[in-house]
file upload_35.csv (CSV, C-alpha atoms)
chain,number,residue,atom,x,y,z
A,333,MET,CA,0.0,0.0,0.0
A,334,LEU,CA,1.3,3.5,-0.9
A,335,ARG,CA,2.7,5.3,2.1
A,336,ASP,CA,2.2,9.0,1.8
A,337,HIS,CA,4.1,11.0,4.4
A,338,HIS,CA,4.3,14.2,2.2
A,339,PRO,CA,4.9,16.9,2.9
A,340,ALA,CA,7.8,16.5,5.4
A,341,ALA,CA,7.1,18.2,8.7
A,342,PRO,CA,9.7,20.8,9.8
A,343,LEU,CA,11.6,20.2,13.1
A,344,ALA,CA,11.3,22.0,16.4
A,345,ARG,CA,14.0,22.7,18.9
A,346,ARG,CA,12.7,19.8,21.1
A,347,HIS,CA,13.6,17.4,18.3
A,348,MET,CA,17.3,18.0,18.5
A,349,PRO,CA,19.3,15.4,20.4
A,350,THR,CA,21.2,17.0,23.4
A,351,ASP,CA,23.9,14.3,23.5
A,352,HIS,CA,25.9,11.9,21.3
A,353,ASP,CA,24.5,8.6,22.9
A,354,ILE,CA,23.0,7.6,19.5
A,355,SER,CA,25.8,8.7,17.1
A,356,LEU,CA,28.0,7.2,14.5
A,357,GLY,CA,31.1,7.6,16.7
A,358,ARG,CA,29.4,5.5,19.4
A,359,TYR,CA,28.0,3.0,16.8
A,360,THR,CA,31.4,2.3,15.2
A,361,SER,CA,33.5,2.6,18.4
A,362,GLY,CA,35.5,5.4,16.8
A,363,ARG,CA,35.5,3.6,13.4
A,364,LYS,CA,37.0,0.4,14.7
A,365,VAL,CA,34.1,-1.5,13.1
A,366,ARG,CA,31.6,-0.5,10.4
A,367,ILE,CA,28.6,-2.7,11.3
A,368,PRO,CA,28.8,-3.6,15.0
A,369,GLU,CA,27.1,-6.5,16.7
A,370,ASP,CA,26.1,-4.2,19.5
A,371,ARG,CA,24.2,-1.6,17.7
A,372,GLY,CA,23.8,0.9,20.5
A,373,PRO,CA,20.9,2.2,22.5
A,374,ALA,CA,17.3,1.2,21.6
A,375,GLN,CA,15.2,4.0,20.2
A,376,SER,CA,11.5,4.2,19.3
A,377,LEU,CA,11.3,3.3,15.6
A,378,ARG,CA,7.6,2.7,14.9
A,379,GLY,CA,7.1,0.9,11.6
A,380,PHE,CA,10.8,0.4,10.9
A,381,ASP,CA,12.2,-3.1,10.0
A,382,GLY,CA,13.9,-4.2,13.2
A,383,TYR,CA,16.6,-1.6,13.4
A,384,ARG,CA,18.0,-0.6,16.8
A,385,ASN,CA,18.1,3.2,16.3
A,386,ILE,CA,18.1,5.7,13.5
A,387,VAL,CA,21.9,5.5,13.0
A,388,ASP,CA,21.7,1.8,12.8
A,389,TYR,CA,19.0,2.2,10.1
A,390,ILE,CA,20.9,4.6,7.9
A,391,VAL,CA,24.2,2.7,8.1
A,392,ARG,CA,22.7,-0.8,7.6
A,393,ILE,CA,20.3,0.0,4.8
A,394,THR,CA,23.2,1.7,2.9
A,395,HIS,CA,25.4,-1.3,3.4
A,396,ARG,CA,22.7,-3.7,2.3
A,397,ILE,CA,21.7,-1.8,-0.8
A,398,TRP,CA,25.1,-0.8,-2.1
A,399,GLU,CA,27.8,-3.2,-1.2
A,400,SER,CA,28.6,-6.5,-2.9
A,401,ALA,CA,29.1,-10.0,-1.6
A,402,ASP,CA,32.8,-10.3,-2.5
A,403,HIS,CA,33.8,-10.0,1.1
A,404,ARG,CA,30.5,-9.8,2.9
A,405,SER,CA,28.1,-12.4,4.3
A,406,ALA,CA,25.2,-11.3,2.1
A,407,PRO,CA,24.8,-10.1,-1.5
A,408,ARG,CA,24.1,-6.6,-2.5
A,409,ASP,CA,20.4,-6.0,-2.4
A,410,VAL,CA,19.5,-3.0,-4.6
A,411,GLY,CA,15.9,-4.2,-4.6
A,412,TYR,CA,15.6,-3.4,-0.9
A,413,ILE,CA,15.2,0.2,-2.0
A,414,GLY,CA,11.6,-0.8,-2.6
A,415,ALA,CA,11.2,-1.4,1.1
A,416,CYS,CA,13.0,1.9,2.1
A,417,TYR,CA,11.6,4.3,-0.5
A,418,SER,CA,7.9,4.4,-1.4
A,419,PRO,CA,6.6,4.8,-5.0
A,420,ASN,CA,6.1,8.6,-4.4
A,421,SER,CA,9.5,9.3,-2.8
A,422,MET,CA,11.1,12.5,-3.9
A,423,VAL,CA,14.9,12.7,-4.3
A,424,TYR,CA,16.5,16.0,-5.2
A,425,ASP,CA,20.0,15.3,-6.6
A,426,ASP,CA,22.7,17.1,-8.6
A,427,TYR,CA,20.6,17.0,-11.8
A,428,GLY,CA,17.0,17.7,-10.5
A,429,LEU,CA,14.1,15.7,-9.1
A,430,GLN,CA,14.0,11.9,-9.3
A,431,SER,CA,10.6,10.6,-8.3
A,432,GLY,CA,9.7,7.1,-7.0
A,433,ASN,CA,11.6,4.0,-5.9
A,434,ALA,CA,11.7,2.6,-9.4
A,435,ARG,CA,13.8,5.6,-10.5
A,436,ILE,CA,16.1,5.2,-7.5
A,437,ILE,CA,16.6,1.5,-8.1
A,438,SER,CA,17.5,2.2,-11.8
A,439,ASP,CA,20.0,4.9,-10.8
A,440,THR,CA,21.6,2.6,-8.2
A,441,ASP,CA,21.8,-0.3,-10.7
A,442,HIS,CA,23.6,2.1,-13.0
A,443,THR,CA,26.1,3.2,-10.5
A,444,THR,CA,26.8,-0.3,-9.1
A,445,GLY,CA,27.2,-1.5,-12.6
A,446,ALA,CA,29.8,1.1,-13.3
A,447,PHE,CA,31.6,0.4,-10.0
A,448,PRO,CA,31.0,-3.3,-9.1
A,449,ASP,CA,33.3,-3.1,-6.0
A,450,ILE,CA,31.7,0.1,-4.7
A,451,VAL,CA,31.8,0.8,-0.9
A,452,LEU,CA,29.8,3.5,0.8
A,453,ASP,CA,31.5,4.1,4.2
A,454,ALA,CA,29.7,6.4,6.6
A,455,GLU,CA,31.8,9.1,8.0
A,456,GLU,CA,29.1,11.0,9.9
A,457,VAL,CA,25.4,10.8,10.6
A,458,ILE,CA,23.8,13.9,12.1
A,459,TRP,CA,20.2,13.3,13.0
A,460,ALA,CA,17.2,14.9,14.7
A,461,GLY,CA,13.5,14.1,15.0
A,462,ASP,CA,11.5,11.0,16.1
A,463,ASP,CA,9.1,8.5,14.7
A,464,GLU,CA,6.2,10.9,14.9
A,465,VAL,CA,7.5,14.0,13.1
A,466,GLY,CA,10.0,12.0,11.1
A,467,PHE,CA,13.8,11.4,11.4
A,468,HIS,CA,15.9,13.9,9.6
A,469,THR,CA,19.4,12.5,8.9
A,470,SER,CA,22.5,14.0,7.2
A,471,HIS,CA,24.6,11.2,6.1
A,472,LEU,CA,28.2,12.0,5.1
A,473,THR,CA,29.6,9.1,3.1
A,474,ARG,CA,33.0,8.2,1.6
A,475,ILE,CA,32.4,6.5,-1.8
A,476,THR,CA,35.2,4.3,-3.2
A,477,GLY,CA,35.2,2.1,-6.2
A,478,THR,CA,36.8,1.0,-9.4
A,479,ASN,CA,35.3,1.9,-12.8
A,480,THR,CA,35.2,-1.5,-14.5
A,481,GLY,CA,31.7,-1.1,-16.0
A,482,SER,CA,30.1,1.2,-18.5
A,483,SER,CA,28.1,4.2,-17.4
A,484,ARG,CA,26.3,7.3,-18.9
A,485,TYR,CA,29.8,8.9,-18.9
A,486,GLY,CA,31.2,6.2,-21.3
A,487,PRO,CA,33.1,2.9,-21.3
A,488,PRO,CA,35.0,1.8,-18.3
A,489,GLY,CA,38.5,3.2,-17.8
A,490,GLY,CA,39.6,1.3,-14.7
A,491,ALA,CA,40.1,4.4,-12.6
A,492,ARG,CA,39.7,4.3,-8.9
A,493,VAL,CA,37.5,7.0,-7.3
A,494,ASN,CA,37.3,8.3,-3.7
A,495,VAL,CA,34.7,11.0,-3.3
A,496,LEU,CA,32.4,12.4,-0.6
A,497,ALA,CA,28.6,12.4,-0.8
A,498,ILE,CA,26.0,13.9,1.6
A,499,ALA,CA,22.4,12.6,1.7
A,500,ASN,CA,19.9,14.5,3.8
A,501,CYS,CA,16.9,12.3,4.2
A,502,VAL,CA,13.6,12.4,6.0
A,503,ALA,CA,12.2,8.9,7.0
A,504,LEU,CA,9.1,7.5,8.7
A,505,GLU,CA,8.0,3.9,9.0
A,506,ASN,CA,11.1,2.6,7.2
A,507,ASP,CA,10.3,4.9,4.3
A,508,ILE,CA,12.8,7.6,3.1
A,509,PHE,CA,10.2,9.7,1.4
A,510,LEU,CA,12.3,12.9,1.0
A,511,GLU,CA,16.0,13.2,0.1
A,512,HIS,CA,18.4,15.9,-0.9
A,513,VAL,CA,21.6,14.2,-2.1
A,514,LEU,CA,24.9,15.5,-3.6
A,515,TYR,CA,27.2,12.9,-5.0
A,516,ASN,CA,30.1,15.3,-5.8
A,517,THR,CA,29.8,14.4,-9.5
A,518,SER,CA,32.5,16.8,-10.5
A,519,ALA,CA,35.1,15.2,-8.3
A,520,MET,CA,34.1,11.7,-9.6
A,521,LEU,CA,34.5,12.8,-13.2
A,522,LYS,CA,37.8,14.5,-12.5
A,523,GLN,CA,39.2,11.3,-10.9
A,524,LEU,CA,37.9,9.2,-13.8
A,525,GLY,CA,40.1,11.3,-16.1
A,526,PHE,CA,37.5,13.4,-17.8
A,527,ASP,CA,37.9,17.1,-18.8
A,528,ILE,CA,35.0,18.3,-16.7
A,529,TRP,CA,34.1,21.2,-19.0
A,530,ASP,CA,34.0,18.9,-22.0
A,531,GLU,CA,31.7,16.5,-20.1
A,532,ALA,CA,29.5,19.4,-18.9
A,533,ALA,CA,29.0,20.6,-22.5
A,534,ARG,CA,28.2,17.1,-23.7
A,535,LEU,CA,25.6,16.4,-21.0
A,536,ALA,CA,24.1,19.9,-21.4
A,537,ALA,CA,23.4,18.9,-25.0
A,538,ASP,CA,22.1,15.4,-24.1
A,539,PRO,CA,21.0,15.8,-20.4
A,540,PRO,CA,20.2,13.1,-17.9
A,541,PRO,CA,16.7,12.8,-16.4
A,542,GLY,CA,15.6,15.8,-14.4
A,543,TRP,CA,18.0,18.3,-16.0
A,544,PRO,CA,17.6,21.3,-16.2
A,545,ARG,CA,15.3,21.5,-13.2
A,546,SER,CA,12.2,23.6,-13.5
A,547,ARG,CA,11.2,26.6,-11.3
A,548,ASP,CA,8.7,24.4,-9.6
A,549,VAL,CA,11.3,21.8,-8.8
A,550,TRP,CA,13.7,24.4,-7.6
A,551,ASP,CA,11.1,26.0,-5.3
A,552,GLY,CA,10.2,22.5,-4.0
A,553,LEU,CA,13.9,21.7,-3.3
A,554,ARG,CA,14.2,24.9,-1.3
A,555,ARG,CA,11.1,24.7,0.8
A,556,ALA,CA,11.0,21.0,1.5
A,557,ALA,CA,11.1,20.4,5.3
A,558,ALA,CA,12.0,24.1,5.9
A,559,PRO,CA,10.4,25.7,8.9
A,560,ALA,CA,8.1,28.7,8.3
A,561,ARG,CA,10.5,30.8,10.5
A,562,PRO,CA,14.0,30.0,11.7
A,563,LEU,CA,14.1,28.4,15.1
A,564,SER,CA,16.4,31.1,16.3
A,565,GLU,CA,13.4,33.5,15.8
A,566,SER,CA,10.5,31.3,16.6
A,567,GLU,CA,12.1,29.5,19.6
A,568,PRO,CA,15.0,31.8,20.8
A,569,VAL,CA,17.4,30.6,23.5
A,570,GLU,CA,20.0,32.4,25.6
A,571,GLY,CA,23.6,31.6,24.9
A,572,PHE,CA,25.0,29.5,22.1
A,573,ASP,CA,22.4,28.6,19.4
A,574,PRO,CA,23.4,26.2,16.5
A,575,ASP,CA,20.5,27.5,14.4
A,576,ALA,CA,21.6,31.2,14.8
A,577,LEU,CA,25.2,30.2,14.1
A,578,ALA,CA,24.4,28.4,10.9
A,579,ARG,CA,22.2,31.2,9.6
A,580,ASP,CA,24.6,34.0,10.6
A,581,VAL,CA,27.7,32.4,9.2
A,582,HIS,CA,26.2,31.4,5.9
A,583,ASP,CA,24.7,34.9,5.5
A,584,SER,CA,28.0,36.5,6.2
A,585,ILE,CA,30.2,34.4,3.9
A,586,TRP,CA,27.8,34.4,1.0
A,587,ASN,CA,25.9,37.7,1.3
A,588,GLY,CA,27.9,39.8,3.7
A,589,ASP,CA,31.4,40.9,4.6
A,590,ARG,CA,32.7,37.4,5.5
A,591,SER,CA,33.5,38.7,9.1
A,592,ALA,CA,32.0,35.5,10.5
A,593,VAL,CA,35.0,33.5,9.2
A,594,GLY,CA,37.3,35.2,11.8
A,595,ALA,CA,34.6,35.3,14.5
A,596,HIS,CA,33.4,31.7,14.3
A,597,TYR,CA,36.0,29.4,12.7
A,598,ALA,CA,39.1,28.1,14.4
A,599,ASN,CA,42.2,29.4,12.6
A,600,ASP,CA,43.4,25.9,11.7
A,601,PHE,CA,40.0,24.4,10.9
A,602,ARG,CA,40.0,21.7,8.2
A,603,PHE,CA,37.8,21.8,5.1
A,604,GLU,CA,36.8,19.2,2.5
A,605,GLY,CA,34.4,20.1,-0.3
A,606,THR,CA,33.3,19.8,-3.9
A,607,THR,CA,35.6,18.8,-6.7
A,608,ASP,CA,38.4,17.5,-4.4
A,609,ARG,CA,38.9,20.8,-2.5
A,610,LYS,CA,40.8,20.3,0.7
A,611,PHE,CA,42.6,22.9,2.7
A,612,VAL,CA,43.3,24.1,6.3
A,613,GLY,CA,42.8,27.5,7.7
A,614,THR,CA,40.6,30.6,7.5
A,615,GLU,CA,42.8,32.4,4.9
A,616,ALA,CA,42.3,29.6,2.4
A,617,TYR,CA,38.6,29.6,3.2
A,618,ARG,CA,38.3,33.3,2.4
A,619,THR,CA,40.1,32.8,-0.9
A,620,TYR,CA,37.8,30.0,-1.8
A,621,MET,CA,34.6,32.0,-1.0
A,622,ASP,CA,36.0,35.1,-2.8
A,623,GLU,CA,36.4,32.9,-6.0
A,624,LEU,CA,32.8,31.7,-5.7
A,625,ARG,CA,31.3,35.1,-5.0
A,626,SER,CA,33.3,36.8,-7.7
A,627,ALA,CA,31.8,34.4,-10.3
A,628,PHE,CA,28.3,35.4,-9.1
A,629,PRO,CA,28.5,39.0,-7.9
A,630,ASP,CA,24.7,39.3,-7.3
A,631,VAL,CA,24.4,35.9,-5.5
A,632,ALA,CA,21.7,35.7,-2.9
A,633,LEU,CA,21.8,32.8,-0.5
A,634,ARG,CA,19.3,31.6,2.1
A,635,VAL,CA,19.4,28.8,4.6
A,636,ASP,CA,16.6,26.3,4.1
A,637,GLU,CA,17.1,23.9,7.1
A,638,VAL,CA,19.3,23.4,10.1
A,639,TYR,CA,19.4,20.6,12.6
A,640,TRP,CA,22.0,19.4,15.1
A,641,MET,CA,23.0,17.2,18.0
A,642,GLY,CA,25.2,17.8,21.0
A,643,ASN,CA,25.9,20.1,23.9
A,644,ARG,CA,28.5,22.6,25.2
A,645,ASP,CA,30.7,20.0,26.9
A,646,ASP,CA,30.7,17.4,24.1
A,647,GLY,CA,30.5,19.7,21.1
A,648,TRP,CA,27.9,20.0,18.4
A,649,LEU,CA,27.4,18.4,15.0
A,650,ILE,CA,25.4,20.7,12.8
A,651,SER,CA,23.8,20.1,9.4
A,652,THR,CA,22.8,23.1,7.2
A,653,ARG,CA,21.0,22.8,3.9
A,654,TRP,CA,21.2,26.0,1.8
A,655,SER,CA,20.4,27.4,-1.6
A,656,ALA,CA,21.3,30.4,-3.7
A,657,GLU,CA,20.6,32.1,-7.0
A,658,GLY,CA,23.0,34.3,-9.0
A,659,ALA,CA,24.0,35.3,-12.5
A,660,HIS,CA,27.3,34.1,-13.9
A,661,THR,CA,28.6,37.6,-14.6
A,662,GLY,CA,32.1,37.8,-13.1
A,663,GLY,CA,35.4,36.1,-12.1
A,664,THR,CA,37.4,33.4,-13.8
A,665,LEU,CA,36.5,30.4,-11.7
A,666,TYR,CA,34.0,29.2,-14.3
A,667,ARG,CA,35.7,30.6,-17.4
A,668,ASP,CA,34.5,33.7,-19.1
A,669,PRO,CA,31.2,35.1,-17.7
A,670,THR,CA,28.1,34.1,-19.6
A,671,GLY,CA,25.4,36.0,-17.8
A,672,VAL,CA,23.4,32.7,-17.3
A,673,ASP,CA,21.3,32.5,-14.2
A,674,CYS,CA,22.4,29.6,-11.9
A,675,GLN,CA,20.7,27.7,-9.1
A,676,ILE,CA,23.2,26.7,-6.5
A,677,TRP,CA,22.4,24.5,-3.5
A,678,GLY,CA,24.4,22.7,-1.0
A,679,ILE,CA,24.7,20.8,2.3
A,680,THR,CA,27.3,21.7,5.0
A,681,GLN,CA,28.2,19.7,8.0
A,682,TRP,CA,30.2,21.2,10.9
A,683,LEU,CA,32.0,19.9,13.9
A,684,VAL,CA,31.8,22.7,16.5
A,685,GLU,CA,33.9,22.6,19.7
A,686,ASN,CA,34.1,25.4,22.3
A,687,GLU,CA,31.7,27.3,20.0
A,688,ARG,CA,34.2,27.4,17.1
A,689,ILE,CA,33.9,25.5,13.8
A,690,VAL,CA,36.9,23.1,13.7
A,691,ARG,CA,35.8,20.9,10.7
A,692,GLU,CA,33.7,21.7,7.7
A,693,TRP,CA,32.4,19.3,5.0
A,694,GLN,CA,30.6,21.3,2.2
A,695,LEU,CA,29.2,19.9,-1.0
A,696,PHE,CA,27.2,21.9,-3.6
A,697,ASN,CA,26.0,21.1,-7.2
A,698,GLU,CA,29.1,22.4,-8.9
A,699,PHE,CA,28.8,20.1,-12.0
A,700,ASP,CA,25.2,21.1,-12.5
A,701,VAL,CA,26.3,24.8,-12.4
A,702,MET,CA,29.1,24.0,-14.9
A,703,MET,CA,26.5,22.3,-17.2
A,704,ARG,CA,24.4,25.5,-17.1
A,705,ILE,CA,27.4,27.6,-18.0
A,706,ALA,CA,28.6,25.3,-20.7
A,707,GLY,CA,25.2,25.0,-22.2
A,708,ALA,CA,24.8,28.8,-22.3
A,709,GLY,CA,28.3,29.1,-23.9
A,710,ASN,CA,27.3,26.7,-26.6
A,711,GLY,CA,23.8,28.3,-27.2
call {"tool": "encode", "arguments": {"input": "upload_35.csv", "output": "structure tokens"}}
result
Amino acid sequence: MLRDHHPAAPLARRHMPTDHDISLGRYTSGRKVRIPEDRGPAQSLRGFDGYRNIVDYIVRITHRIWESADHRSAPRDVGYIGACYSPNSMVYDDYGLQSGNARIISDTDHTTGAFPDIVLDAEEVIWAGDDEVGFHTSHLTRITGTNTGSSRYGPPGGARVNVLAIANCVALENDIFLEHVLYNTSAMLKQLGFDIWDEAARLAADPPPGWPRSRDVWDGLRRAAAPARPLSESEPVEGFDPDALARDVHDSIWNGDRSAVGAHYANDFRFEGTTDRKFVGTEAYRTYMDELRSAFPDVALRVDEVYWMGNRDDGWLISTRWSAEGAHTGGTLYRDPTGVDCQIWGITQWLVENERIVREWQLFNEFDVMMRIAGAGNG
């Protein structure tokens, strides 16, 4: 029977875990084991298929769906997507909106066919919510695999890839009915040996399903699960507020004077992001953001959703989903300006200690943006 949980309900402050008892670090014992026998504290999971808690659910369904039997006790089970995604599931990805579990199964078969030895290794799961409002999870994953099968990008070349992905999901009753996922396609293509601009131009001329996204899809991507008002306004608190931090920092670095970098980041914070960007320190971060903003001088960003887990003593893990619009009218990051309007969206995860950001993982739809620019240049 069709499960219809749409639309996803936004979270309130009471839905944010105040500790790390149910967390990936506890689950994997500091990454000593990927799938533990002791799966951690029990949690109310009405309608879920025998999982111990929401972290156990996210990690084990990913393992079951994606990974092969070569060195595992059970075979890859892509068909289990049918039990975890309903026929009306909505997945916003790099290219647009993919609707329904049949589409998700097809896309997963495509990727596992191109990378038969693929492994999706969880590096973080930030979660909030419950089995009434829905569990919101931000799943940071390291994808590794060898390209020994054909794909939409061409015949196999045998290259090895190692890329980040972030999937922000909303789940009820074993059903991930809403997902925002970024697979870092540009990094994968670069590691496969492609000229990314050539591939962007080719796919802009012969696009994958969902591309380019319509205005209705873009508006749906932005408002899905977003609260009517930021929690920092509707439920203000004294002292440190993760919601206020996420919104103030993103506004400052994209729309403002970037003063939040010095005020809220540790000087030696570590960054990993789209298209294999890795660096340490606030100066490198300012340079990176200056390049992005110079490409889109009129960029206007908004934060769509923030959730977190933790406390002052143990630190916070914060997930922020954001979106922006801007015209490609400046800079050299994306070749000569074309004037094309671009839709930019991303997911950022932070590790915050002593109220300072010490780690940032940030992915955005860079290859989609490059396709828009390449298509305009060829038009």
call {"tool": "residues_around", "arguments": {"input": "upload_35.csv", "residues": "segment 665-669 of chain A", "least_positions_apart": "5", "cutoff": "8 Å", "atoms": "all atoms listed in the file", "output": "PyMOL selection string"}}
result
chain A and resi 623-624+627+660+702+705
call {"tool": "write_last_selection", "arguments": {"input": "upload_35.csv", "atoms": "C-alpha atoms", "output": "PDB file, keeping the file's coordinate frame"}}
result
ATOM      1  CA  GLU A 623      36.400  32.900  -6.000  1.00  0.00           C
ATOM      2  CA  LEU A 624      32.800  31.700  -5.700  1.00  0.00           C
ATOM      3  CA  ALA A 627      31.800  34.400 -10.300  1.00  0.00           C
ATOM      4  CA  HIS A 660      27.300  34.100 -13.900  1.00  0.00           C
ATOM      5  CA  MET A 702      29.100  24.000 -14.900  1.00  0.00           C
ATOM      6  CA  ILE A 705      27.400  27.600 -18.000  1.00  0.00           C
TER       7      ILE A 705
END
call {"tool": "closest_residue", "arguments": {"input": "upload_35.csv", "among": "A:His471, A:Glu637, A:Asp600, A:Thr607", "to": "Ser564 of chain A", "atoms": "all atoms listed in the file"}}
result
A:Glu637
call {"tool": "closest_residue", "arguments": {"input": "upload_35.csv", "among": "A:Val451, A:Leu524, A:Ala557, A:Leu510", "to": "Val638 of chain A", "atoms": "all atoms listed in the file"}}
result
A:Ala557
call {"tool": "atom_distance", "arguments": {"input": "upload_35.csv", "atom1": "atom CA of Gly481 of chain A", "atom2": "atom CA of Ile528 of chain A"}}
result
19.7 Å
call {"tool": "atom_distance", "arguments": {"input": "upload_35.csv", "atom1": "atom CA of Ala558 of chain A", "atom2": "atom CA of Pro342 of chain A"}}
result
5.6 Å
call {"tool": "closest_atom_pairs", "arguments": {"input": "upload_35.csv", "of": "segment 420-512 of chain A", "to": "segment 378-381 of chain A", "cutoff": "7 Å", "atoms": "all atoms listed in the file", "output": "tab-separated table"}}
result
residue	atom	partner	partner_atom	distance
A:Asp463	CA	A:Arg378	CA	6.0
A:Glu505	CA	A:Gly379	CA	4.1
A:Asn506	CA	A:Phe380	CA	4.3
call {"tool": "residues_around", "arguments": {"input": "upload_35.csv", "residues": "segment 680-695 of chain A", "least_positions_apart": "4", "cutoff": "10 Å", "atoms": "all atoms listed in the file", "output": "CSV table (one decimal) with C-alpha atoms, in the frame of the given file"}}
result
chain,number,residue,atom,x,y,z
A,456,GLU,CA,29.1,11.0,9.9
A,457,VAL,CA,25.4,10.8,10.6
A,458,ILE,CA,23.8,13.9,12.1
A,470,SER,CA,22.5,14.0,7.2
A,471,HIS,CA,24.6,11.2,6.1
A,472,LEU,CA,28.2,12.0,5.1
A,496,LEU,CA,32.4,12.4,-0.6
A,497,ALA,CA,28.6,12.4,-0.8
A,498,ILE,CA,26.0,13.9,1.6
A,513,VAL,CA,21.6,14.2,-2.1
A,514,LEU,CA,24.9,15.5,-3.6
A,515,TYR,CA,27.2,12.9,-5.0
A,516,ASN,CA,30.1,15.3,-5.8
A,572,PHE,CA,25.0,29.5,22.1
A,573,ASP,CA,22.4,28.6,19.4
A,574,PRO,CA,23.4,26.2,16.5
A,577,LEU,CA,25.2,30.2,14.1
A,578,ALA,CA,24.4,28.4,10.9
A,582,HIS,CA,26.2,31.4,5.9
A,593,VAL,CA,35.0,33.5,9.2
A,594,GLY,CA,37.3,35.2,11.8
A,595,ALA,CA,34.6,35.3,14.5
A,596,HIS,CA,33.4,31.7,14.3
A,597,TYR,CA,36.0,29.4,12.7
A,598,ALA,CA,39.1,28.1,14.4
A,599,ASN,CA,42.2,29.4,12.6
A,600,ASP,CA,43.4,25.9,11.7
A,601,PHE,CA,40.0,24.4,10.9
A,602,ARG,CA,40.0,21.7,8.2
A,603,PHE,CA,37.8,21.8,5.1
A,604,GLU,CA,36.8,19.2,2.5
A,605,GLY,CA,34.4,20.1,-0.3
A,606,THR,CA,33.3,19.8,-3.9
A,607,THR,CA,35.6,18.8,-6.7
A,609,ARG,CA,38.9,20.8,-2.5
A,610,LYS,CA,40.8,20.3,0.7
A,612,VAL,CA,43.3,24.1,6.3
A,613,GLY,CA,42.8,27.5,7.7
A,638,VAL,CA,19.3,23.4,10.1
A,639,TYR,CA,19.4,20.6,12.6
A,640,TRP,CA,22.0,19.4,15.1
A,642,GLY,CA,25.2,17.8,21.0
A,643,ASN,CA,25.9,20.1,23.9
A,644,ARG,CA,28.5,22.6,25.2
A,645,ASP,CA,30.7,20.0,26.9
A,646,ASP,CA,30.7,17.4,24.1
A,647,GLY,CA,30.5,19.7,21.1
A,648,TRP,CA,27.9,20.0,18.4
A,649,LEU,CA,27.4,18.4,15.0
A,650,ILE,CA,25.4,20.7,12.8
A,651,SER,CA,23.8,20.1,9.4
A,652,THR,CA,22.8,23.1,7.2
A,653,ARG,CA,21.0,22.8,3.9
A,654,TRP,CA,21.2,26.0,1.8
call {"tool": "residues_near_point", "arguments": {"input": "upload_35.csv", "point": "(28.6, 0.4, -6.8)", "cutoff": "12 Å", "atoms": "only C-alpha atoms", "output": "PyMOL selection string"}}
result
chain A and resi 394-401+408-410+439-453+475-483+492-493
call {"tool": "residues_around", "arguments": {"input": "upload_35.csv", "residues": "Ala374 of chain A", "least_positions_apart": "6", "cutoff": "9 Å", "atoms": "only C-alpha atoms", "output": "VMD selection string"}}
result
chain A and resid 354 383 to 385
call {"tool": "atom_distance", "arguments": {"input": "upload_35.csv", "atom1": "atom CA of Ile508 of chain A", "atom2": "atom CA of Cys416 of chain A"}}
result
5.8 Å
call {"tool": "closest_residue", "arguments": {"input": "upload_35.csv", "among": "A:Gly663, A:Pro488, A:Gly466, A:Pro339", "to": "Val502 of chain A", "atoms": "all atoms listed in the file"}}
result
A:Gly466
call {"tool": "residues_around", "arguments": {"input": "upload_35.csv", "residues": "segment 547-556 of chain A", "least_positions_apart": "5", "cutoff": "8 Å", "atoms": "only C-alpha atoms", "output": "list in words"}}
result
Pro339, Ala340, Tyr424, Gly428, Leu429, His512, Asp636, Trp654, Ser655 and Gln675 of chain A
call {"tool": "closest_residue", "arguments": {"input": "upload_35.csv", "among": "A:Ala533, A:Asp608, A:Ser591, A:Gln523", "to": "Ala708 of chain A", "atoms": "all atoms listed in the file"}}
result
A:Ala533
call {"tool": "closest_residue", "arguments": {"input": "upload_35.csv", "among": "A:Ala592, A:Val365, A:Ala537, A:Leu521", "to": "Tyr617 of chain A", "atoms": "only C-alpha atoms"}}
result
A:Ala592
call {"tool": "closest_residue", "arguments": {"input": "upload_35.csv", "among": "A:Arg346, A:Phe699, A:Ala341, A:Ala632", "to": "Asp530 of chain A", "atoms": "only C-alpha atoms"}}
result
A:Phe699
call {"tool": "residues_around", "arguments": {"input": "upload_35.csv", "residues": "Val391 of chain A", "least_positions_apart": "4", "cutoff": "8 Å", "atoms": "only C-alpha atoms", "output": "list in words"}}
result
Ile367, Val387, His395 and Ala454 of chain A
